[in-house]
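> Right, I'll just put the structure down here and ask away after.
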Amino acid sequence: MTAKDKFHGAVRLALEKEQWLITADPLKFKYGGVKFRIDLSADRLLAADRAGEKIAMTSGRS
């Protein structure tokens with residue numbers, strides 16, 4: 001497990017203040033035999049009759 005950088009908490013808090021729901025911290029998935037790990041995944045409902053908006057974020061470190 002990798003350590004969260006110093007900005008992780010601030011980014012999460014900023015997303016939550018903008019009404020994003022954090023759905024995974026971190027988001028882990030496997031595709032084509034390759035394991036991926038994304039720092040945060042979040043959803044936000046745009047309107048009751050429309051689909052939600054989704055984002056996934058990574059710090060860009062390898």
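Labeling convention for the structure tokens: chains A, B, ... as they appear, residues from 1 per chain, ligands from 1 in order of appearance.
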Please produce, as JSON lines, a per-residue contact table for range 22-48 of chain A versus range 2-13 of chain A (criterion: any atom at most 10 Å away, only C-alpha atoms considered), showing the nearest atom pair and its distance in Å to one decimal, sorted by chain then residue number.


{"residue": "A:Ile22", "atom": "CA", "partner": "A:Arg12", "partner_atom": "CA", "distance": 7.7}
{"residue": "A:Asp25", "atom": "CA", "partner": "A:Arg12", "partner_atom": "CA", "distance": 9.2}
{"residue": "A:Pro26", "atom": "CA", "partner": "A:Lys4", "partner_atom": "CA", "distance": 9.6}
{"residue": "A:Arg37", "atom": "CA", "partner": "A:Thr2", "partner_atom": "CA", "distance": 9.7}
{"residue": "A:Asp39", "atom": "CA", "partner": "A:His8", "partner_atom": "CA", "distance": 8.0}
{"residue": "A:Leu40", "atom": "CA", "partner": "A:Arg12", "partner_atom": "CA", "distance": 7.8}
{"residue": "A:Ser41", "atom": "CA", "partner": "A:Arg12", "partner_atom": "CA", "distance": 9.7}
{"residue": "A:Ala42", "atom": "CA", "partner": "A:Arg12", "partner_atom": "CA", "distance": 9.3}

> What's the separation between CA of Leu15 in chain A and CA of Lys28 in chain A, in Å to one decimal place?

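Computing the Euclidean distance for CA of Leu15 in chain A and CA of Lys28 in chain A yields 19.3 Å.
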
> Write down as a ChimeraX atom specification the residues belonging to range 23-57 of chain A that are assigned strand (DSSP E) by DSSP computed on the backbone.

/A:23-24,27-31,34-38,40-44,53-57

> Take the selection from the previous step and output its residues with C-alpha atoms, as a short mmCIF file (atom, residue, chain, number, x, y, z; two decimals), in the first residue's frame.


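As written to disk, again-v4.cif reads:
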data_model
loop_
_atom_site.label_atom_id
_atom_site.label_comp_id
_atom_site.auth_asym_id
_atom_site.auth_seq_id
_atom_site.Cartn_x
_atom_site.Cartn_y
_atom_site.Cartn_z
CA THR A 23 -17.04 6.27 -3.51
CA ALA A 24 -13.55 4.76 -3.19
CA LEU A 27 -10.26 2.89 -6.21
CA LYS A 28 -8.80 -0.51 -7.13
CA PHE A 29 -9.67 -2.51 -10.23
CA LYS A 30 -8.22 -5.02 -12.63
CA TYR A 31 -8.46 -4.77 -16.41
CA VAL A 34 -3.36 -5.43 -15.01
CA LYS A 35 -4.14 -4.11 -11.52
CA PHE A 36 -4.87 -0.38 -11.23
CA ARG A 37 -5.00 1.85 -8.16
CA ILE A 38 -6.49 5.36 -8.40
CA LEU A 40 -9.91 8.80 -5.28
CA SER A 41 -13.18 8.03 -7.03
CA ALA A 42 -16.23 10.24 -6.63
CA ASP A 43 -19.81 10.67 -7.90
CA ARG A 44 -22.02 13.73 -8.04
CA GLU A 53 -21.07 12.64 -13.09
CA LYS A 54 -18.04 10.51 -12.16
CA ILE A 55 -14.34 11.29 -11.70
CA ALA A 56 -11.22 9.38 -10.69
CA MET A 57 -8.02 11.14 -9.61
#
